[in-house]
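To be precise, the following lines are work-v1.pdb, and they hold PDB, C-alpha atoms.
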MODEL        1
ATOM      1  CA  MET A 510     -42.871  49.184 -63.773  1.00  0.00           C
ATOM      2  CA  VAL A 511     -39.605  48.488 -65.594  1.00  0.00           C
ATOM      3  CA  ASN A 512     -40.322  44.955 -66.865  1.00  0.00           C
ATOM      4  CA  MET A 513     -44.089  45.354 -67.301  1.00  0.00           C
ATOM      5  CA  SER A 514     -45.809  45.218 -70.671  1.00  0.00           C
ATOM      6  CA  SER A 515     -47.102  48.477 -72.111  1.00  0.00           C
ATOM      7  CA  PRO A 516     -50.777  47.608 -71.354  1.00  0.00           C
ATOM      8  CA  LYS A 517     -49.936  46.772 -67.723  1.00  0.00           C
ATOM      9  CA  LYS A 518     -47.958  50.017 -67.388  1.00  0.00           C
ATOM     10  CA  ALA A 519     -50.924  51.933 -68.824  1.00  0.00           C
ATOM     11  CA  GLU A 520     -53.236  50.335 -66.282  1.00  0.00           C
ATOM     12  CA  GLU A 521     -50.869  51.257 -63.441  1.00  0.00           C
ATOM     13  CA  ILE A 522     -50.653  54.869 -64.699  1.00  0.00           C
ATOM     14  CA  LEU A 523     -54.448  55.126 -64.881  1.00  0.00           C
ATOM     15  CA  MET A 524     -54.903  53.642 -61.416  1.00  0.00           C
ATOM     16  CA  GLU A 525     -52.712  56.445 -60.001  1.00  0.00           C
ATOM     17  CA  LYS A 526     -55.096  59.106 -61.379  1.00  0.00           C
ATOM     18  CA  PRO A 527     -57.962  60.551 -59.314  1.00  0.00           C
ATOM     19  CA  GLY A 528     -61.232  58.726 -59.900  1.00  0.00           C
ATOM     20  CA  TYR A 529     -59.618  55.397 -60.832  1.00  0.00           C
ATOM     21  CA  PHE A 530     -59.953  52.536 -58.388  1.00  0.00           C
ATOM     22  CA  LYS A 531     -58.472  49.044 -58.519  1.00  0.00           C
ATOM     23  CA  LEU A 532     -59.480  46.241 -56.201  1.00  0.00           C
ATOM     24  CA  SER A 533     -56.729  43.918 -55.071  1.00  0.00           C
ATOM     25  CA  ASN A 534     -59.080  41.575 -53.244  1.00  0.00           C
ATOM     26  CA  LYS A 535     -62.795  41.064 -52.726  1.00  0.00           C
ATOM     27  CA  LYS A 536     -62.654  42.266 -49.113  1.00  0.00           C
ATOM     28  CA  LYS A 537     -62.071  45.813 -50.359  1.00  0.00           C
ATOM     29  CA  LYS A 538     -65.197  45.736 -52.537  1.00  0.00           C
ATOM     30  CA  SER A 539     -67.225  47.585 -49.891  1.00  0.00           C
ATOM     31  CA  SER A 540     -64.672  50.407 -49.863  1.00  0.00           C
ATOM     32  CA  ARG A 541     -65.358  51.413 -53.474  1.00  0.00           C
ATOM     33  CA  PRO A 542     -66.116  55.077 -53.905  1.00  0.00           C
ATOM     34  CA  SER A 543     -69.593  55.921 -55.182  1.00  0.00           C
ATOM     35  CA  LYS A 544     -68.410  56.515 -58.754  1.00  0.00           C
ATOM     36  CA  GLY A 545     -65.293  56.341 -60.887  1.00  0.00           C
ATOM     37  CA  TYR A 546     -63.255  53.951 -62.999  1.00  0.00           C
ATOM     38  CA  PHE A 547     -63.009  50.309 -61.909  1.00  0.00           C
ATOM     39  CA  LYS A 548     -61.293  47.097 -62.903  1.00  0.00           C
ATOM     40  CA  LEU A 549     -63.812  44.326 -62.280  1.00  0.00           C
ATOM     41  CA  PHE A 550     -63.502  40.772 -61.063  1.00  0.00           C
ATOM     42  CA  PRO A 551     -64.434  38.023 -63.584  1.00  0.00           C
ATOM     43  CA  THR A 552     -67.679  37.266 -61.714  1.00  0.00           C
ATOM     44  CA  GLU A 553     -68.634  40.942 -61.902  1.00  0.00           C
ATOM     45  CA  LYS A 554     -67.894  40.992 -65.638  1.00  0.00           C
ATOM     46  CA  LYS A 555     -70.166  37.976 -66.023  1.00  0.00           C
ATOM     47  CA  ASN A 556     -72.950  39.759 -64.136  1.00  0.00           C
ATOM     48  CA  ILE A 557     -72.613  42.756 -66.448  1.00  0.00           C
ATOM     49  CA  MET A 558     -72.849  40.413 -69.464  1.00  0.00           C
ATOM     50  CA  VAL A 559     -76.069  38.916 -68.090  1.00  0.00           C
ATOM     51  CA  ALA A 560     -77.639  42.302 -67.240  1.00  0.00           C
ATOM     52  CA  PHE A 561     -76.890  43.727 -70.692  1.00  0.00           C
ATOM     53  CA  ALA A 562     -77.952  40.497 -72.453  1.00  0.00           C
ATOM     54  CA  LYS A 563     -81.373  40.861 -70.834  1.00  0.00           C
ATOM     55  CA  ARG A 564     -81.623  44.145 -72.755  1.00  0.00           C
ATOM     56  CA  ASN A 565     -80.388  42.549 -76.024  1.00  0.00           C
ATOM     57  CA  LYS A 566     -77.122  44.505 -75.808  1.00  0.00           C
ATOM     58  CA  PRO A 567     -74.278  41.959 -76.012  1.00  0.00           C
ATOM     59  CA  VAL A 568     -71.153  42.592 -73.960  1.00  0.00           C
ATOM     60  CA  HIS A 569     -67.846  40.874 -74.776  1.00  0.00           C
ATOM     61  CA  SER A 570     -65.822  40.476 -71.596  1.00  0.00           C
ATOM     62  CA  GLN A 571     -62.537  40.785 -73.508  1.00  0.00           C
ATOM     63  CA  ALA A 572     -63.643  43.962 -75.330  1.00  0.00           C
ATOM     64  CA  TYR A 573     -63.124  46.357 -72.416  1.00  0.00           C
ATOM     65  CA  ASP A 574     -60.584  46.798 -69.647  1.00  0.00           C
ATOM     66  CA  LEU A 575     -62.357  49.059 -67.173  1.00  0.00           C
ATOM     67  CA  ILE A 576     -65.768  50.490 -66.525  1.00  0.00           C
ATOM     68  CA  HIS A 577     -66.775  53.952 -65.423  1.00  0.00           C
ATOM     69  CA  THR A 578     -69.827  54.432 -63.249  1.00  0.00           C
ATOM     70  CA  LYS A 579     -71.841  57.562 -62.532  1.00  0.00           C
ATOM     71  CA  SER A 580     -73.437  55.999 -59.445  1.00  0.00           C
ATOM     72  CA  LYS A 581     -72.658  53.331 -56.868  1.00  0.00           C
ATOM     73  CA  ILE A 582     -73.467  49.893 -58.311  1.00  0.00           C
ATOM     74  CA  ASP A 583     -73.306  46.518 -56.596  1.00  0.00           C
ATOM     75  CA  PHE A 584     -71.720  44.392 -59.337  1.00  0.00           C
ATOM     76  CA  SER A 585     -72.503  41.204 -57.437  1.00  0.00           C
ATOM     77  CA  ASP A 586     -76.229  41.974 -57.884  1.00  0.00           C
ATOM     78  CA  ILE A 587     -77.535  41.618 -61.470  1.00  0.00           C
ATOM     79  CA  HIS A 588     -80.736  43.489 -60.553  1.00  0.00           C
ATOM     80  CA  ASP A 589     -78.764  46.487 -59.255  1.00  0.00           C
ATOM     81  CA  ILE A 590     -76.734  46.509 -62.478  1.00  0.00           C
ATOM     82  CA  GLU A 591     -79.974  46.415 -64.493  1.00  0.00           C
ATOM     83  CA  ARG A 592     -81.479  49.305 -62.498  1.00  0.00           C
ATOM     84  CA  LYS A 593     -78.398  51.475 -63.083  1.00  0.00           C
ATOM     85  CA  ILE A 594     -77.365  50.149 -66.495  1.00  0.00           C
ATOM     86  CA  GLU A 595     -77.355  53.639 -68.061  1.00  0.00           C
ATOM     87  CA  ASP A 596     -74.715  54.726 -65.510  1.00  0.00           C
ATOM     88  CA  ILE A 597     -72.125  52.268 -66.892  1.00  0.00           C
ATOM     89  CA  THR A 598     -69.539  53.170 -69.529  1.00  0.00           C
ATOM     90  CA  PHE A 599     -67.116  50.564 -70.877  1.00  0.00           C
ATOM     91  CA  ILE A 600     -63.497  51.682 -71.197  1.00  0.00           C
ATOM     92  CA  GLU A 601     -60.979  50.104 -73.589  1.00  0.00           C
ATOM     93  CA  VAL A 602     -57.400  51.107 -72.769  1.00  0.00           C
ATOM     94  CA  LYS A 603     -54.859  51.402 -75.594  1.00  0.00           C
ATOM     95  CA  SER A 604     -51.222  51.987 -74.746  1.00  0.00           C
ATOM     96  CA  THR A 605     -48.035  53.060 -76.465  1.00  0.00           C
ATOM     97  CA  ASP A 606     -44.468  53.514 -75.333  1.00  0.00           C
ATOM     98  CA  ALA A 607     -43.669  55.950 -78.167  1.00  0.00           C
ATOM     99  CA  LYS A 608     -40.888  58.362 -77.327  1.00  0.00           C
ATOM    100  CA  ASP A 609     -42.125  61.253 -79.508  1.00  0.00           C
ATOM    101  CA  GLY A 610     -44.381  62.557 -76.740  1.00  0.00           C
ATOM    102  CA  LYS A 611     -47.282  63.875 -78.842  1.00  0.00           C
ATOM    103  CA  ARG A 612     -50.102  64.593 -76.404  1.00  0.00           C
ATOM    104  CA  ASN A 613     -52.719  64.143 -79.136  1.00  0.00           C
ATOM    105  CA  PHE A 614     -51.283  60.708 -80.170  1.00  0.00           C
ATOM    106  CA  ALA A 615     -51.048  61.801 -83.826  1.00  0.00           C
ATOM    107  CA  ASN A 616     -49.497  59.151 -86.134  1.00  0.00           C
ATOM    108  CA  HIS A 617     -49.514  56.479 -83.407  1.00  0.00           C
ATOM    109  CA  PHE A 618     -50.550  52.975 -84.469  1.00  0.00           C
ATOM    110  CA  PHE A 619     -53.119  51.072 -82.388  1.00  0.00           C
ATOM    111  CA  GLY A 620     -54.968  47.818 -82.907  1.00  0.00           C
ATOM    112  CA  VAL A 621     -58.655  47.334 -82.205  1.00  0.00           C
ATOM    113  CA  SER A 622     -60.144  43.849 -82.110  1.00  0.00           C
ATOM    114  CA  VAL A 623     -63.361  42.905 -83.901  1.00  0.00           C
ATOM    115  CA  ASN A 624     -65.065  42.401 -80.527  1.00  0.00           C
ATOM    116  CA  GLU A 625     -63.931  45.839 -79.340  1.00  0.00           C
ATOM    117  CA  MET A 626     -65.301  47.477 -82.489  1.00  0.00           C
ATOM    118  CA  ILE A 627     -68.588  45.540 -82.277  1.00  0.00           C
ATOM    119  CA  MET A 628     -68.987  46.584 -78.661  1.00  0.00           C
ATOM    120  CA  ALA A 629     -68.083  50.199 -79.362  1.00  0.00           C
ATOM    121  CA  GLN A 630     -70.677  50.333 -82.151  1.00  0.00           C
ATOM    122  CA  GLY A 631     -73.324  48.546 -80.068  1.00  0.00           C
ATOM    123  CA  HIS A 632     -72.792  50.765 -77.014  1.00  0.00           C
ATOM    124  CA  VAL A 633     -71.874  54.080 -78.669  1.00  0.00           C
ATOM    125  CA  LYS A 634     -72.852  56.284 -75.734  1.00  0.00           C
ATOM    126  CA  GLN A 635     -71.515  53.790 -73.196  1.00  0.00           C
ATOM    127  CA  TYR A 636     -68.104  52.951 -74.684  1.00  0.00           C
ATOM    128  CA  LYS A 637     -64.867  54.943 -74.701  1.00  0.00           C
ATOM    129  CA  PHE A 638     -61.263  54.457 -75.682  1.00  0.00           C
ATOM    130  CA  VAL A 639     -58.531  55.715 -73.356  1.00  0.00           C
ATOM    131  CA  PHE A 640     -55.098  56.118 -74.930  1.00  0.00           C
ATOM    132  CA  VAL A 641     -52.054  56.146 -72.645  1.00  0.00           C
ATOM    133  CA  ASN A 642     -48.474  57.014 -73.525  1.00  0.00           C
ATOM    134  CA  VAL A 643     -46.582  55.083 -70.843  1.00  0.00           C
ATOM    135  CA  LYS A 644     -43.284  56.944 -71.454  1.00  0.00           C
ATOM    136  CA  HIS A 645     -44.745  60.413 -70.879  1.00  0.00           C
ATOM    137  CA  LYS A 646     -47.886  59.431 -68.903  1.00  0.00           C
ATOM    138  CA  TYR A 647     -50.147  61.269 -71.360  1.00  0.00           C
ATOM    139  CA  ILE A 648     -53.800  60.215 -71.381  1.00  0.00           C
ATOM    140  CA  LEU A 649     -56.445  60.890 -74.027  1.00  0.00           C
ATOM    141  CA  GLU A 650     -60.065  59.728 -73.719  1.00  0.00           C
ATOM    142  CA  MET A 651     -62.269  59.445 -76.829  1.00  0.00           C
ATOM    143  CA  ASP A 652     -65.814  58.377 -77.535  1.00  0.00           C
ATOM    144  CA  LEU A 653     -66.595  56.470 -80.751  1.00  0.00           C
ATOM    145  CA  PRO A 654     -67.505  59.491 -82.927  1.00  0.00           C
ATOM    146  CA  MET A 655     -64.269  61.258 -81.963  1.00  0.00           C
ATOM    147  CA  PHE A 656     -62.341  58.024 -82.524  1.00  0.00           C
ATOM    148  CA  PHE A 657     -63.671  57.760 -86.086  1.00  0.00           C
ATOM    149  CA  THR A 658     -62.823  61.397 -86.862  1.00  0.00           C
ATOM    150  CA  ARG A 659     -59.216  60.789 -85.772  1.00  0.00           C
ATOM    151  CA  ILE A 660     -58.571  57.629 -87.846  1.00  0.00           C
ATOM    152  CA  LYS A 661     -55.999  58.359 -90.535  1.00  0.00           C
ATOM    153  CA  GLN A 662     -55.663  54.852 -92.036  1.00  0.00           C
ATOM    154  CA  GLN A 663     -57.236  51.449 -91.426  1.00  0.00           C
ATOM    155  CA  TRP A 664     -55.915  47.952 -92.013  1.00  0.00           C
ATOM    156  CA  HIS A 665     -58.378  45.092 -91.763  1.00  0.00           C
ATOM    157  CA  THR A 666     -56.644  42.011 -90.426  1.00  0.00           C
ATOM    158  CA  PHE A 667     -57.469  38.780 -88.627  1.00  0.00           C
ATOM    159  CA  SER A 668     -55.265  37.271 -85.962  1.00  0.00           C
ATOM    160  CA  PHE A 669     -55.312  33.617 -85.078  1.00  0.00           C
ATOM    161  CA  ARG A 670     -53.358  30.884 -83.309  1.00  0.00           C
ATOM    162  CA  LEU A 671     -52.731  27.445 -84.813  1.00  0.00           C
ATOM    163  CA  ASN A 672     -52.768  24.298 -82.721  1.00  0.00           C
TER     164      ASN A 672
ENDMDL
END

Conversion result in structure tokens:
Amino acid sequence: MVNMSSPKKAEEILMEKPGYFKLSNKKKKSSRPSKGYFKLFPTEKKNIMVAFAKRNKPVHSQAYDLIHTKSKIDFSDIHDIERKIEDITFIEVKSTDAKDGKRNFANHFFGVSVNEMIMAQGHVKQYKFVFVNVKHKYILEMDLPMFFTRIKQQWHTFSFRLN
């Protein structure tokens, strides 16, 4: 993990925790546990977008990193996703390599994209932020109401790339 970016390190730390499950290839899909945290394949993310769009609840594929399920869901089957849609929680992972080691992440700076905020507000009960300190392997999970109570300052910015 030495030369990995902070977000990749955070993902690796989370995948070591009980309940987190990462697929390295599609052949292992059938070995998923019945519930937990998952990193999805692009086709599975697309199926989730379709299932939620049918309920007029837009999902931005770049606005979450993982999902958490309360029940076993076949993400290759849009109808199964629709039947168990309430069992899905979107997880956005935010990482830091701060050396101060504060378990509550006080005074740490994080960025949230417009799409992440739109999704969090549109899926309040089904969206969480997970903060990971990659130096100390501290993890803090927050829902949107808790997230808003913890915000100390906000800066509204736009990022773009010129051609």

Worksheet entry | Residues selected by the PyMOL selection byres ((chain A and resi 619) around 10), written as a VMD selection string | chain A and resid 603 to 605 616 to 618 620 to 621 640 663

Put the listed atoms of region 510-527 of chain A in a box along x, y and z with 3 Å added on every side and give me the centre and edge lengths in Å to one decimal, as JSON.
{"center_x": -48.8, "center_y": 52.8, "center_z": -65.7, "size_x": 24.4, "size_y": 21.6, "size_z": 18.8}

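One distance worth recording is that between CA of Val633 (chain A) and CA of Ala560 (chain A), which is 17.4 Å.
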
Item to complete: Taking the file as shown, find all residues satisfying the PyMOL selection byres ((chain A and resi 635) around 12) and write them as number ranges by chain.
Response: A: 561, 566, 568, 573, 575-579, 594-601, 628-634, 636-638, 651-654

Worksheet item: Can you list, as number ranges by chain, the residues that the PyMOL selection byres ((chain A and resi 642-644) around 12) selects here?
Response: A: 510-511, 513-523, 602-615, 617-619, 639-641, 645-650

Practice prompt. Rank A:Met626, A:Ile590, A:Met655, A:Leu671 by their smallest atom-to-atom distance to Arg564 (chain A), using only C-alpha atoms, and report the top residue only.
Written response: A:Ile590

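Of the listed residues A:Phe550, A:Phe669, A:Trp664, A:Phe656, the one whose atoms come nearest to Asp574 (chain A) is A:Phe550, with distances taken using all atoms listed in the file.
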
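Between Tyr529 (chain A) and the candidates A:Leu549, A:Ala562, A:Ile627, A:Ile587, the tightest atom-to-atom separation, counting only C-alpha atoms, involves A:Leu549.
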
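Counting all atoms listed in the file and comparing A:Lys526, A:His569, A:Lys563, A:His588, the residue that lies closest to Phe547 (chain A) is A:Lys526.
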
Worksheet item: In Å, how far is it from CA of Gly545 (chain A) to CA of Phe657 (chain A)?
Response: 25.3 Å

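Proximity to Met524 (chain A) was assessed for A:Glu591, A:Asn512, A:Lys548, A:Glu625 counting only C-alpha atoms; the smallest distance is recorded for A:Lys548.
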
Response to the item:
A straight line from CA of Thr666 (chain A) to CA of Pro567 (chain A) spans 22.8 Å

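If you measure from each of A:Tyr546, A:Gln571, A:Arg659, A:Arg592 to Met558 (chain A) using all atoms listed in the file, the closest one turns out to be A:Gln571.
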